[in-house]
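Asker: To be precise about what I am sending: the file is called protein12.pdb and holds PDB, C-alpha atoms and all ligand atoms.
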MODEL        1
ATOM      1  CA  MET J   1       0.000   0.000   0.000
ATOM      2  CA  SER J   2       1.237   3.460  -0.803
ATOM      3  CA  VAL J   3       1.459   6.307   1.693
ATOM      4  CA  MET J   4       0.732   9.864   0.623
ATOM      5  CA  VAL J   5       1.123  12.831   2.931
ATOM      6  CA  ARG J   6      -0.048  16.311   1.922
ATOM      7  CA  GLY J   7       0.575  19.489   3.900
ATOM      8  CA  LEU J   8       0.981  17.770   7.242
ATOM      9  CA  LYS J   9       1.242  20.169  10.150
ATOM     10  CA  LYS J  10       1.423  19.576  13.891
ATOM     11  CA  ILE J  11       1.387  22.297  16.487
ATOM     12  CA  TYR J  12       1.890  21.723  20.231
ATOM     13  CA  GLY J  13       0.453  24.771  21.988
ATOM     14  CA  ASP J  14       2.279  27.537  20.166
ATOM     15  CA  HIS J  15       5.198  25.359  19.069
ATOM     16  CA  VAL J  16       5.171  24.294  15.423
ATOM     17  CA  ALA J  17       6.737  20.806  15.409
ATOM     18  CA  VAL J  18       6.056  19.837  11.767
ATOM     19  CA  VAL J  19       4.966  22.118   8.966
ATOM     20  CA  ASP J  20       3.942  21.646   5.335
ATOM     21  CA  LEU J  21       5.225  18.076   5.091
ATOM     22  CA  HIS J  22       4.676  16.319   1.777
ATOM     23  CA  LEU J  23       5.749  12.710   1.382
ATOM     24  CA  SER J  24       4.943   9.787  -0.788
ATOM     25  CA  VAL J  25       6.180   6.273  -0.163
ATOM     26  CA  GLN J  26       5.457   3.288  -2.388
ATOM     27  CA  PRO J  27       5.429  -0.435  -1.623
ATOM     28  CA  LYS J  28       8.940  -1.927  -1.875
ATOM     29  CA  GLU J  29      10.488   1.351  -0.768
ATOM     30  CA  ILE J  30      12.332   2.245   2.415
ATOM     31  CA  TYR J  31      11.964   5.924   3.150
ATOM     32  CA  GLY J  32      14.468   7.244   5.674
ATOM     33  CA  LEU J  33      13.488  10.231   7.781
ATOM     34  CA  LEU J  34      16.626  11.947   8.989
ATOM     35  CA  GLY J  35      17.270  14.980  11.099
ATOM     36  CA  PRO J  36      18.690  16.116  14.422
ATOM     37  CA  ASP J  37      16.946  15.785  17.777
ATOM     38  CA  GLY J  38      13.832  17.913  17.928
ATOM     39  CA  ALA J  39      13.476  18.116  14.130
ATOM     40  CA  GLY J  40       9.960  16.634  14.283
ATOM     41  CA  LYS J  41      10.623  13.034  13.196
ATOM     42  CA  THR J  42       8.700  11.391  16.038
ATOM     43  CA  THR J  43       5.814  13.827  15.635
ATOM     44  CA  ALA J  44       5.536  13.126  11.905
ATOM     45  CA  LEU J  45       5.734   9.353  12.403
ATOM     46  CA  ARG J  46       3.125   9.402  15.184
ATOM     47  CA  CYS J  47       0.721  11.182  12.858
ATOM     48  CA  LEU J  48       1.443   8.673  10.082
ATOM     49  CA  ALA J  49       0.897   5.781  12.475
ATOM     50  CA  GLY J  50      -2.479   7.179  13.469
ATOM     51  CA  VAL J  51      -1.613   7.531  17.157
ATOM     52  CA  MET J  52      -1.707  11.323  17.020
ATOM     53  CA  MET J  53      -4.019  13.685  15.150
ATOM     54  CA  PRO J  54      -2.277  16.238  12.939
ATOM     55  CA  SER J  55      -3.277  19.906  13.250
ATOM     56  CA  ALA J  56      -3.746  20.031   9.466
ATOM     57  CA  GLY J  57      -3.068  18.006   6.344
ATOM     58  CA  GLN J  58      -3.963  14.737   4.717
ATOM     59  CA  ILE J  59      -2.495  11.275   5.217
ATOM     60  CA  LYS J  60      -3.667   8.785   2.636
ATOM     61  CA  ILE J  61      -2.899   5.087   2.869
ATOM     62  CA  ALA J  62      -3.910   3.129  -0.211
ATOM     63  CA  GLY J  63      -5.937   6.178  -1.225
ATOM     64  CA  GLN J  64      -7.950   6.407   2.023
ATOM     65  CA  ASP J  65      -7.574   9.458   4.232
ATOM     66  CA  VAL J  66      -6.700   7.914   7.602
ATOM     67  CA  THR J  67      -6.954  11.221   9.476
ATOM     68  CA  GLN J  68     -10.698  10.806   8.966
ATOM     69  CA  ASP J  69     -10.596   7.184  10.063
ATOM     70  CA  PRO J  70      -7.568   6.514  12.315
ATOM     71  CA  GLU J  71      -8.757   3.020  13.280
ATOM     72  CA  ARG J  72      -8.600   1.961   9.653
ATOM     73  CA  GLY J  73      -5.051   3.309   9.441
ATOM     74  CA  ARG J  74      -3.926   1.396  12.511
ATOM     75  CA  LEU J  75      -5.169  -1.857  10.952
ATOM     76  CA  VAL J  76      -2.760  -1.625   8.025
ATOM     77  CA  VAL J  77       0.143   0.145   9.730
ATOM     78  CA  GLY J  78       2.726  -1.538  11.947
ATOM     79  CA  TYR J  79       4.309   1.024  14.255
ATOM     80  CA  LEU J  80       7.437   0.639  16.320
ATOM     81  CA  PRO J  81       7.545   3.705  18.578
ATOM     82  CA  GLN J  82      10.779   5.326  19.751
ATOM     83  CA  GLN J  83       9.993   4.356  23.341
ATOM     84  CA  PHE J  84       8.620   0.881  23.033
ATOM     85  CA  SER J  85       7.726  -0.757  26.334
ATOM     86  CA  LEU J  86       7.798  -4.478  26.879
ATOM     87  CA  TYR J  87       6.767  -6.285  30.016
ATOM     88  CA  GLY J  88      10.151  -7.198  31.486
ATOM     89  CA  ASP J  89       8.653  -9.833  33.780
ATOM     90  CA  LEU J  90       6.911 -11.642  30.925
ATOM     91  CA  THR J  91       8.709 -13.931  28.500
ATOM     92  CA  VAL J  92       9.255 -13.068  24.853
ATOM     93  CA  GLU J  93       6.369 -15.336  23.921
ATOM     94  CA  GLU J  94       4.044 -14.004  26.629
ATOM     95  CA  ASN J  95       4.662 -10.427  25.518
ATOM     96  CA  LEU J  96       3.637 -11.351  21.983
ATOM     97  CA  GLN J  97       0.608 -13.362  23.125
ATOM     98  CA  PHE J  98      -0.553 -10.388  25.139
ATOM     99  CA  LEU J  99      -0.105  -7.981  22.219
ATOM    100  CA  ALA J 100      -1.822 -10.379  19.808
ATOM    101  CA  GLN J 101      -4.809 -10.394  22.145
ATOM    102  CA  VAL J 102      -4.854  -6.595  22.273
ATOM    103  CA  ARG J 103      -4.734  -6.628  18.471
ATOM    104  CA  GLY J 104      -7.779  -8.908  18.411
ATOM    105  CA  LEU J 105      -6.065 -11.949  16.865
ATOM    106  CA  THR J 106      -7.718 -15.249  17.744
ATOM    107  CA  GLY J 107      -5.809 -18.028  19.556
ATOM    108  CA  ALA J 108      -4.939 -20.244  16.597
ATOM    109  CA  GLN J 109      -4.203 -17.310  14.299
ATOM    110  CA  SER J 110      -1.960 -15.655  16.826
ATOM    111  CA  ALA J 111       0.023 -18.814  17.753
ATOM    112  CA  ALA J 112       0.923 -19.424  14.098
ATOM    113  CA  ARG J 113       1.753 -15.796  13.457
ATOM    114  CA  ILE J 114       3.909 -15.548  16.602
ATOM    115  CA  ASP J 115       5.889 -18.648  15.532
ATOM    116  CA  GLN J 116       6.378 -17.259  12.061
ATOM    117  CA  MET J 117       7.499 -13.827  13.296
ATOM    118  CA  LEU J 118       9.841 -15.240  15.954
ATOM    119  CA  GLN J 119      11.501 -17.253  13.213
ATOM    120  CA  PHE J 120      11.692 -14.247  10.938
ATOM    121  CA  VAL J 121      13.552 -12.165  13.553
ATOM    122  CA  ARG J 122      15.528 -15.237  14.733
ATOM    123  CA  LEU J 123      14.290 -15.171  18.314
ATOM    124  CA  SER J 124      12.647 -18.616  18.351
ATOM    125  CA  GLU J 125      15.180 -20.131  20.710
ATOM    126  CA  HIS J 126      14.774 -17.199  23.112
ATOM    127  CA  ARG J 127      11.002 -17.423  23.339
ATOM    128  CA  LYS J 128      11.006 -18.552  26.984
ATOM    129  CA  LYS J 129      13.395 -15.819  28.115
ATOM    130  CA  LEU J 130      12.127 -12.903  30.166
ATOM    131  CA  ALA J 131      12.022  -9.733  28.079
ATOM    132  CA  ALA J 132      14.096  -8.000  30.761
ATOM    133  CA  GLU J 133      16.955 -10.433  30.069
ATOM    134  CA  LEU J 134      17.245  -9.630  26.373
ATOM    135  CA  SER J 135      20.091  -7.574  24.894
ATOM    136  CA  GLY J 136      19.255  -4.182  23.350
ATOM    137  CA  GLY J 137      19.297  -5.632  19.838
ATOM    138  CA  MET J 138      17.027  -8.527  20.817
ATOM    139  CA  LYS J 139      14.565  -6.178  22.510
ATOM    140  CA  GLN J 140      14.289  -4.207  19.284
ATOM    141  CA  LYS J 141      13.722  -7.402  17.306
ATOM    142  CA  LEU J 142      10.969  -8.344  19.739
ATOM    143  CA  ALA J 143       9.463  -4.885  19.303
ATOM    144  CA  LEU J 144       9.570  -5.367  15.530
ATOM    145  CA  CYS J 145       7.896  -8.733  15.943
ATOM    146  CA  ALA J 146       5.135  -7.069  17.945
ATOM    147  CA  ALA J 147       4.646  -4.383  15.290
ATOM    148  CA  LEU J 148       4.303  -7.065  12.587
ATOM    149  CA  LEU J 149       1.799  -9.348  14.310
ATOM    150  CA  HIS J 150      -1.228  -8.079  12.392
ATOM    151  CA  GLU J 151       0.556  -8.364   8.997
ATOM    152  CA  PRO J 152       0.725  -4.651   8.218
ATOM    153  CA  SER J 153       1.651  -3.519   4.712
ATOM    154  CA  VAL J 154       2.987  -0.169   5.889
ATOM    155  CA  ILE J 155       5.703  -0.323   8.540
ATOM    156  CA  ILE J 156       6.713   2.765  10.511
ATOM    157  CA  LEU J 157       9.747   2.613  12.772
ATOM    158  CA  ASP J 158      11.033   5.421  14.967
ATOM    159  CA  GLU J 159      14.788   5.121  15.548
ATOM    160  CA  PRO J 160      14.613   1.336  15.880
ATOM    161  CA  THR J 161      18.392   0.925  16.015
ATOM    162  CA  ALA J 162      19.281   3.785  18.359
ATOM    163  CA  GLY J 163      21.651   2.555  21.041
ATOM    164  CA  VAL J 164      21.930  -0.897  19.453
ATOM    165  CA  ASP J 165      25.410  -2.311  18.774
ATOM    166  CA  PRO J 166      26.690  -2.157  15.165
ATOM    167  CA  PHE J 167      26.384  -5.898  14.552
ATOM    168  CA  SER J 168      22.763  -6.000  15.713
ATOM    169  CA  ARG J 169      22.026  -2.838  13.757
ATOM    170  CA  ARG J 170      23.170  -4.542  10.576
ATOM    171  CA  GLU J 171      21.040  -7.584  11.409
ATOM    172  CA  PHE J 172      18.019  -5.367  12.073
ATOM    173  CA  TRP J 173      18.471  -3.671   8.704
ATOM    174  CA  GLU J 174      18.548  -7.050   6.963
ATOM    175  CA  LEU J 175      15.069  -7.603   8.399
ATOM    176  CA  LEU J 176      13.884  -4.243   7.080
ATOM    177  CA  LEU J 177      15.298  -5.032   3.636
ATOM    178  CA  ALA J 178      13.496  -8.395   3.684
ATOM    179  CA  LEU J 179      10.195  -6.702   4.586
ATOM    180  CA  ARG J 180      10.715  -4.232   1.763
ATOM    181  CA  ASP J 181      11.395  -7.061  -0.681
ATOM    182  CA  GLU J 182       8.150  -8.717   0.374
ATOM    183  CA  GLY J 183       6.298  -5.571  -0.705
ATOM    184  CA  ALA J 184       5.974  -3.431   2.419
ATOM    185  CA  ALA J 185       6.255   0.344   2.363
ATOM    186  CA  VAL J 186       8.768   1.065   5.140
ATOM    187  CA  ILE J 187       9.255   4.466   6.769
ATOM    188  CA  VAL J 188      12.077   4.659   9.275
ATOM    189  CA  SER J 189      13.758   7.443  11.198
ATOM    190  CA  THR J 190      17.355   7.074  12.199
ATOM    191  CA  PRO J 191      20.051   9.161  13.859
ATOM    192  CA  TYR J 192      22.740   7.124  12.044
ATOM    193  CA  LEU J 193      23.601   8.800   8.779
ATOM    194  CA  GLU J 194      25.358   5.705   7.423
ATOM    195  CA  GLU J 195      22.014   3.882   7.571
ATOM    196  CA  ALA J 196      20.610   6.435   5.142
ATOM    197  CA  GLU J 197      22.592   4.742   2.352
ATOM    198  CA  LYS J 198      20.374   1.673   2.735
ATOM    199  CA  CYS J 199      17.182   3.654   2.062
ATOM    200  CA  SER J 200      15.529   3.960  -1.347
ATOM    201  CA  ARG J 201      14.958   7.621  -0.595
ATOM    202  CA  VAL J 202      15.665   9.872   2.337
ATOM    203  CA  GLY J 203      14.093  13.079   3.569
ATOM    204  CA  PHE J 204      16.007  15.453   5.759
ATOM    205  CA  LEU J 205      13.917  17.228   8.375
ATOM    206  CA  LEU J 206      15.147  20.374  10.087
ATOM    207  CA  GLN J 207      12.994  22.372  12.517
ATOM    208  CA  GLY J 208       9.839  20.676  11.279
ATOM    209  CA  ARG J 209      10.523  21.274   7.581
ATOM    210  CA  LEU J 210      11.640  18.801   4.973
ATOM    211  CA  ILE J 211      14.623  20.659   3.550
ATOM    212  CA  ARG J 212      16.007  17.983   1.223
ATOM    213  CA  GLU J 213      14.705  14.783  -0.267
ATOM    214  CA  GLY J 214      15.901  12.244  -2.786
ATOM    215  CA  ALA J 215      17.602   8.949  -3.456
ATOM    216  CA  PRO J 216      21.018   8.743  -1.755
ATOM    217  CA  ALA J 217      22.828   8.732  -5.115
ATOM    218  CA  GLU J 218      20.857  11.776  -6.355
ATOM    219  CA  LEU J 219      21.691  13.744  -3.235
ATOM    220  CA  ARG J 220      25.370  12.926  -3.560
ATOM    221  CA  ALA J 221      25.371  13.907  -7.237
ATOM    222  CA  ALA J 222      23.681  17.261  -6.563
ATOM    223  CA  TYR J 223      26.250  18.171  -3.945
ATOM    224  CA  GLN J 224      28.734  20.636  -5.406
ATOM    225  CA  ASP J 225      31.084  21.455  -2.573
ATOM    226  CA  GLU J 226      34.462  19.884  -2.135
ATOM    227  CA  VAL J 227      35.078  17.128   0.375
ATOM    228  CA  VAL J 228      38.690  16.897   1.518
ATOM    229  CA  ALA J 229      39.823  13.827   3.428
ATOM    230  CA  VAL J 230      42.958  13.952   5.559
ATOM    231  CA  LEU J 231      44.355  10.557   6.441
ATOM    232  CA  THR J 232      45.944  10.745   9.871
ATOM    233  CA  ARG J 233      46.548   8.876  13.088
ATOM    234  CA  GLU J 234      45.991  12.117  14.994
ATOM    235  CA  ALA J 235      42.448  12.705  13.836
ATOM    236  CA  PHE J 236      41.328  14.789  16.801
ATOM    237  CA  ARG J 237      44.391  17.084  16.706
ATOM    238  CA  VAL J 238      43.988  17.547  12.953
ATOM    239  CA  GLN J 239      40.301  18.272  13.435
ATOM    240  CA  SER J 240      41.028  21.068  15.876
ATOM    241  CA  VAL J 241      43.623  22.587  13.520
ATOM    242  CA  LEU J 242      41.141  22.555  10.612
ATOM    243  CA  SER J 243      37.903  23.211  12.473
ATOM    244  CA  ASP J 244      37.368  26.777  11.232
ATOM    245  CA  LEU J 245      37.864  25.932   7.533
ATOM    246  CA  GLY J 246      34.899  25.644   5.169
ATOM    247  CA  ARG J 247      31.881  24.133   6.868
ATOM    248  CA  GLY J 248      34.059  22.556   9.507
ATOM    249  CA  ALA J 249      36.024  19.362  10.038
ATOM    250  CA  PHE J 250      34.613  16.014  11.130
ATOM    251  CA  VAL J 251      36.446  12.936  12.375
ATOM    252  CA  ARG J 252      35.600   9.692  10.605
ATOM    253  CA  GLY J 253      37.801   6.838  11.877
ATOM    254  CA  HIS J 254      41.394   7.530  10.811
ATOM    255  CA  SER J 255      40.446  10.411   8.590
ATOM    256  CA  VAL J 256      39.202  13.949   9.015
ATOM    257  CA  ARG J 257      36.708  15.247   6.450
ATOM    258  CA  VAL J 258      36.567  18.948   5.689
ATOM    259  CA  LEU J 259      33.631  20.284   3.667
ATOM    260  CA  GLY J 260      33.644  23.556   1.784
ATOM    261  CA  ARG J 261      34.012  25.508  -1.441
ATOM    262  CA  GLN J 262      36.262  24.472  -4.323
ATOM    263  CA  GLY J 263      39.939  25.052  -3.586
ATOM    264  CA  LEU J 264      39.623  23.873  -0.026
ATOM    265  CA  ALA J 265      42.273  21.150  -0.382
ATOM    266  CA  GLU J 266      44.987  23.776  -0.863
ATOM    267  CA  GLN J 267      43.902  25.652   2.265
ATOM    268  CA  VAL J 268      43.934  22.396   4.187
ATOM    269  CA  ARG J 269      47.496  21.593   3.055
ATOM    270  CA  VAL J 270      48.762  25.062   3.965
ATOM    271  CA  ARG J 271      47.134  24.846   7.378
ATOM    272  CA  LEU J 272      48.526  21.389   8.083
ATOM    273  CA  GLN J 273      52.042  22.376   7.012
ATOM    274  CA  ALA J 274      51.984  25.282   9.445
ATOM    275  CA  SER J 275      50.909  22.972  12.273
ATOM    276  CA  ASN J 276      52.998  20.318  13.957
ATOM    277  CA  CYS J 277      50.400  17.604  13.313
ATOM    278  CA  HIS J 278      51.322  14.338  11.710
ATOM    279  CA  TRP J 279      49.336  13.356   8.630
ATOM    280  CA  GLU J 280      49.740  10.932   5.747
ATOM    281  CA  ASP J 281      47.644  12.221   2.887
ATOM    282  CA  VAL J 282      45.261  14.976   1.788
ATOM    283  CA  GLN J 283      42.781  14.072  -0.946
ATOM    284  CA  VAL J 284      39.690  15.472  -2.598
ATOM    285  CA  VAL J 285      37.172  12.622  -2.380
ATOM    286  CA  SER J 286      33.661  12.118  -3.687
ATOM    287  CA  PRO J 287      31.042  12.984  -1.083
ATOM    288  CA  ALA J 288      29.418  10.290   1.035
ATOM    289  CA  LEU J 289      25.770  10.809   1.908
ATOM    290  CA  GLU J 290      26.963  11.573   5.412
ATOM    291  CA  ASP J 291      28.949  14.562   4.116
ATOM    292  CA  VAL J 292      25.956  15.869   2.204
ATOM    293  CA  LEU J 293      23.715  15.644   5.241
ATOM    294  CA  ILE J 294      26.249  17.233   7.549
ATOM    295  CA  ALA J 295      26.466  20.151   5.134
ATOM    296  CA  ASN J 296      22.668  20.417   5.206
ATOM    297  CA  LEU J 297      22.657  20.417   8.976
ATOM    298  CA  GLN J 298      25.271  23.150   9.148
ATOM    299  CA  GLU J 299      23.456  25.612   6.952
ATOM    300  CA  GLY J 300      19.914  24.395   6.682
ATOM    301  CA  GLY J 301      20.384  23.331   3.079
ATOM    302  CA  GLY J 302      23.855  24.515   2.026
ATOM    303  CA  GLY J 303      26.272  22.857  -0.361
ATOM    304  CA  PHE J 304      23.859  22.529  -3.253
ATOM    305  CA  GLY J 305      24.130  24.823  -6.259
ATOM    306  CA  GLY J 306      21.720  27.737  -6.074
ATOM    307  CA  ASN J 307      21.010  27.507  -2.354
TER     308      ASN J 307
HETATM  309  N1  LIG I   1       3.959  16.279  23.378
HETATM  310  C1  LIG I   1       4.655  17.385  23.087
HETATM  311  N2  LIG I   1       4.292  18.595  23.597
HETATM  312  C2  LIG I   1       4.977  19.718  23.292
HETATM  313  N3  LIG I   1       6.066  19.759  22.494
HETATM  314  C3  LIG I   1       6.483  18.589  21.968
HETATM  315  C4  LIG I   1       5.801  17.347  22.239
HETATM  316  N4  LIG I   1       6.441  16.362  21.572
HETATM  317  C5  LIG I   1       7.462  16.949  20.926
HETATM  318  N5  LIG I   1       7.486  18.272  21.160
HETATM  319  C6  LIG I   1       8.430  19.258  20.577
HETATM  320  O1  LIG I   1       8.277  19.195  19.163
HETATM  321  C7  LIG I   1       9.528  19.229  18.506
HETATM  322  C8  LIG I   1       9.706  17.966  17.674
HETATM  323  O2  LIG I   1       9.870  16.846  18.541
HETATM  324  P1  LIG I   1       9.999  15.357  18.004
HETATM  325  O3  LIG I   1       8.930  15.127  17.023
HETATM  326  O4  LIG I   1      10.074  14.480  19.181
HETATM  327  O5  LIG I   1      11.395  15.445  17.231
HETATM  328  P2  LIG I   1      12.477  14.300  16.915
HETATM  329  O6  LIG I   1      11.786  12.988  16.952
HETATM  330  O7  LIG I   1      12.983  14.661  15.546
HETATM  331  O8  LIG I   1      13.545  14.429  17.943
HETATM  332  C9  LIG I   1      10.569  19.399  19.587
HETATM  333  O9  LIG I   1      10.860  20.779  19.706
HETATM  334  C10 LIG I   1       9.872  18.886  20.832
HETATM  335  O10 LIG I   1      10.378  19.500  21.981
HETATM  336 MG    MG I   2      12.213  11.261  17.991
ENDMDL
END
As structure tokens, how would this structure be written, given the file I've shared?
Answerer:
Amino acid sequence: MSVMVRGLKKIYGDHVAVVDLHLSVQPKEIYGLLGPDGAGKTTALRCLAGVMMPSAGQIKIAGQDVTQDPERGRLVVGYLPQQFSLYGDLTVEENLQFLAQVRGLTGAQSAARIDQMLQFVRLSEHRKKLAAELSGGMKQKLALCAALLHEPSVIILDEPTAGVDPFSRREFWELLLALRDEGAAVIVSTPYLEEAEKCSRVGFLLQGRLIREGAPAELRAAYQDEVVAVLTREAFRVQSVLSDLGRGAFVRGHSVRVLGRQGLAEQVRVRLQASNCHWEDVQVVSPALEDVLIANLQEGGGGFGGN
């Protein structure tokens, strides 16, 4: 089922959390909603999931306006909230049985579906464990399981991998990719910019507004600034030496990335030569999506021709 959002707006008191949001997500797509804390990601996703009424705008799922009929929306949407609460003193299985009951699944239906979903997220052998004993990654897989019980065709996940270790994050993403391949429309927010590369399209939200949207490759191609990578074992020292150049310097493993206008590499070399830092190499590299998004964050949309 496709999701179509038109002019979504949400105001809390006198605070505008989301304004004029337009989105469209098709089956077999993963749409990544990115943006810093407070950008309005959770607010937008809550409205899409039908757990919060927008102040204005339309949300159509498979052509039906779910703001007029939230119950209908909740039937086809699986929602994994940012703060998902499990019953720590119930087992994995008991948590799911309870949620299946809340969802109105009958006994036989729910037992089969729970088995199938536990297998899908590879938690079958942990089904008798107390939820409180699960690792962070396992808890999130259980939460995903719970969101999928009623076989939704639209899946909305709010920072599902936040605070989860890198290995489990990769495993969780494999599950999202599998759901996409089966035909779901997936909408996911994430604070991890490297996860954006796995999305079909991403939207970048800043102060409630969608300031940039596109496929990762399109966004990289439209980016016109220079990205200079300094290879060094003293990344943090080099960063502080270069921090006031261009749009700033960012540490990425054993390299420091500096973003800015053409000709930046020369400035970087001059600056490094005048310092007593140790570095191996200075190169102009092609931008990663992470660079593009950092540039957007810095200037609310900078780095693209004409902006
Ligand atoms: N229930 C609420 N009441 C008032 N303000 C809220 C509420 N929820 C969120 N906000 C505010 O709305 C803005 C967007 O918040 P949120 O949607 O949680 O952003 P994000 O998920 O991107 O961090 C923030 O400024 C936040 O403080
Ligand atoms: Mg949030």
Asker: Using Å and a single decimal, report how far atom CA of J:Ser24 sits from atom CA of J:Val5.
Answerer: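 Computed distance, atom CA of J:Val5 to atom CA of J:Ser24, equals 6.1 Å.
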Asker: Where does chain J meet ligand MG 2 (chain I) within 7 Å, residue by residue, with the nearest atom pair and distance in Å to one decimal for each, counting all atoms listed in the file, listed by chain and rising number, as JSON lines?
Answerer:
{"residue": "J:Asp37", "atom": "CA", "partner": "I:MG2", "partner_atom": "MG", "distance": 6.6}
{"residue": "J:Gly38", "atom": "CA", "partner": "I:MG2", "partner_atom": "MG", "distance": 6.8}
{"residue": "J:Gly40", "atom": "CA", "partner": "I:MG2", "partner_atom": "MG", "distance": 6.9}
{"residue": "J:Lys41", "atom": "CA", "partner": "I:MG2", "partner_atom": "MG", "distance": 5.4}
{"residue": "J:Thr42", "atom": "CA", "partner": "I:MG2", "partner_atom": "MG", "distance": 4.0}
{"residue": "J:Gln82", "atom": "CA", "partner": "I:MG2", "partner_atom": "MG", "distance": 6.4}
{"residue": "J:Asp158", "atom": "CA", "partner": "I:MG2", "partner_atom": "MG", "distance": 6.7}
Asker: Give one line per residue of chain J that approaches ligand LIG 1 (chain I) to at most 9 Å, naming the two atoms of the closest pair and their distance in Å to one decimal, counting all atoms listed in the file; sort by chain then ascending residue number and deliver it as CSV.
Answerer:
residue,atom,partner,partner_atom,distance
J:Lys10,CA,I:LIG1,O1,8.7
J:Ile11,CA,I:LIG1,O1,8.0
J:Tyr12,CA,I:LIG1,C2,4.8
J:Gly13,CA,I:LIG1,C2,6.9
J:Asp14,CA,I:LIG1,C2,8.8
J:His15,CA,I:LIG1,N3,6.6
J:Val16,CA,I:LIG1,O1,7.0
J:Ala17,CA,I:LIG1,O1,4.4
J:Val18,CA,I:LIG1,C8,7.2
J:Leu33,CA,I:LIG1,O7,9.0
J:Leu34,CA,I:LIG1,O7,8.0
J:Gly35,CA,I:LIG1,O7,6.2
J:Pro36,CA,I:LIG1,O7,6.0
J:Asp37,CA,I:LIG1,O8,3.7
J:Gly38,CA,I:LIG1,O8,3.5
J:Ala39,CA,I:LIG1,O7,3.8
J:Gly40,CA,I:LIG1,O3,3.3
J:Lys41,CA,I:LIG1,O7,3.7
J:Thr42,CA,I:LIG1,O6,3.6
J:Thr43,CA,I:LIG1,O3,3.7
J:Ala44,CA,I:LIG1,O3,6.5
J:Leu45,CA,I:LIG1,O3,8.1
J:Arg46,CA,I:LIG1,O3,8.4
J:Gln82,CA,I:LIG1,O6,8.2
J:Asp158,CA,I:LIG1,O6,7.9
J:Glu159,CA,I:LIG1,O6,8.5
J:Ser189,CA,I:LIG1,O6,8.2
J:Leu205,CA,I:LIG1,O7,7.7
J:Leu206,CA,I:LIG1,O7,8.2
J:Gln207,CA,I:LIG1,C8,7.5
J:Gly208,CA,I:LIG1,C8,6.9
Asker: Any chance you can output those residues with C-alpha atoms as a compact mmCIF listing (two decimals), in the frame of the given file?
Answerer:
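The resulting file, selection.txt, is shown below:
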# COMPACT_ATOMS: atom_id res chain seq x y z
CA LYS J 10 1.42 19.58 13.89
CA ILE J 11 1.39 22.30 16.49
CA TYR J 12 1.89 21.72 20.23
CA GLY J 13 0.45 24.77 21.99
CA ASP J 14 2.28 27.54 20.17
CA HIS J 15 5.20 25.36 19.07
CA VAL J 16 5.17 24.29 15.42
CA ALA J 17 6.74 20.81 15.41
CA VAL J 18 6.06 19.84 11.77
CA LEU J 33 13.49 10.23 7.78
CA LEU J 34 16.63 11.95 8.99
CA GLY J 35 17.27 14.98 11.10
CA PRO J 36 18.69 16.12 14.42
CA ASP J 37 16.95 15.78 17.78
CA GLY J 38 13.83 17.91 17.93
CA ALA J 39 13.48 18.12 14.13
CA GLY J 40 9.96 16.63 14.28
CA LYS J 41 10.62 13.03 13.20
CA THR J 42 8.70 11.39 16.04
CA THR J 43 5.81 13.83 15.64
CA ALA J 44 5.54 13.13 11.90
CA LEU J 45 5.73 9.35 12.40
CA ARG J 46 3.12 9.40 15.18
CA GLN J 82 10.78 5.33 19.75
CA ASP J 158 11.03 5.42 14.97
CA GLU J 159 14.79 5.12 15.55
CA SER J 189 13.76 7.44 11.20
CA LEU J 205 13.92 17.23 8.38
CA LEU J 206 15.15 20.37 10.09
CA GLN J 207 12.99 22.37 12.52
CA GLY J 208 9.84 20.68 11.28
Asker: Skipping near chain neighbours, those fewer than 4 positions away, what residues fall within 6 Å of stretch 197-200 of chain J using only C-alpha atoms, listed as a ChimeraX atom specification?
Answerer: /J:29-32,215-216
Asker: Here is a test: counting only C-alpha atoms, which residue of J:Leu210, J:Leu99, J:Val92, J:Leu242 is nearest to J:Val19?
Answerer: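 Checking each candidate against J:Val19, we get J:Leu210 as the closest.
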Asker: Write out as a PyMOL selection string each polymer residue whose atoms come within 7 Å of J:Gly136, counting all atoms listed in the file; drop sequence neighbours fewer than 3 positions from it.
Answerer: chain J and resi 139-140+164
Asker: Quick one: pull the distance between atom CA of J:Val268 and atom CA of J:Thr232, Å, one decimal.
Answerer: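 A separation of 13.1 Å between them.
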Asker: Would you work out the distance separating atom CA of J:Glu71 from atom CA of J:Lys141, expressed in Å to one decimal?
Answerer: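 Answer for the atom CA of J:Glu71 to atom CA of J:Lys141 separation: 25.1 Å.
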Asker: Let me know the residues the PyMOL selection byres (((chain J and resi 283) around 7) and not hetatm) catches in the file above, as a list in words.
Answerer: Val228, Ala229, Val230, Asp281, Val282, Val284 and Val285 of chain J
Asker: Once the PyMOL selection byres (((chain J and resi 58-68) around 8) and not hetatm) has been evaluated on this model, what residues remain selected, and can you format them as a list of chain:residue names?
Answerer: J:Met1, J:Ser2, J:Val3, J:Met4, J:Val5, J:Arg6, J:Gly7, J:Leu8, J:Leu48, J:Gly50, J:Met53, J:Pro54, J:Ala56, J:Gly57, J:Asp69, J:Pro70, J:Glu71, J:Arg72, J:Gly73
Asker: From the list J:His22, J:Lys28, J:Arg271, J:Arg233, which residue is nearest J:Gly253 when using only C-alpha atoms?
Answerer: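 Ranked by minimum distance to J:Gly253, first place goes to J:Arg233.
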Asker: Quick one: which residues end up in the PyMOL selection byres (((chain J and resi 287) around 12) and not hetatm) for this structure, as a PyMOL selection string?
Answerer: chain J and resi 216-229+257-260+283-286+288-295+303
Asker: In terms of the shortest atom-to-atom distance over all atoms listed in the file, which of J:Lys9, J:Val77, J:Val241, J:Gly263 is closest to J:Ser55?
Answerer: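 Among the listed residues, the smallest separation from J:Ser55 belongs to J:Lys9.
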Asker: Pick the closest to J:Gln83 from J:Ala143, J:Val256, J:Ala111, J:Cys277: which is it, counting all atoms listed in the file?
Answerer: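 Closest to J:Gln83 of all the choices is J:Ala143.
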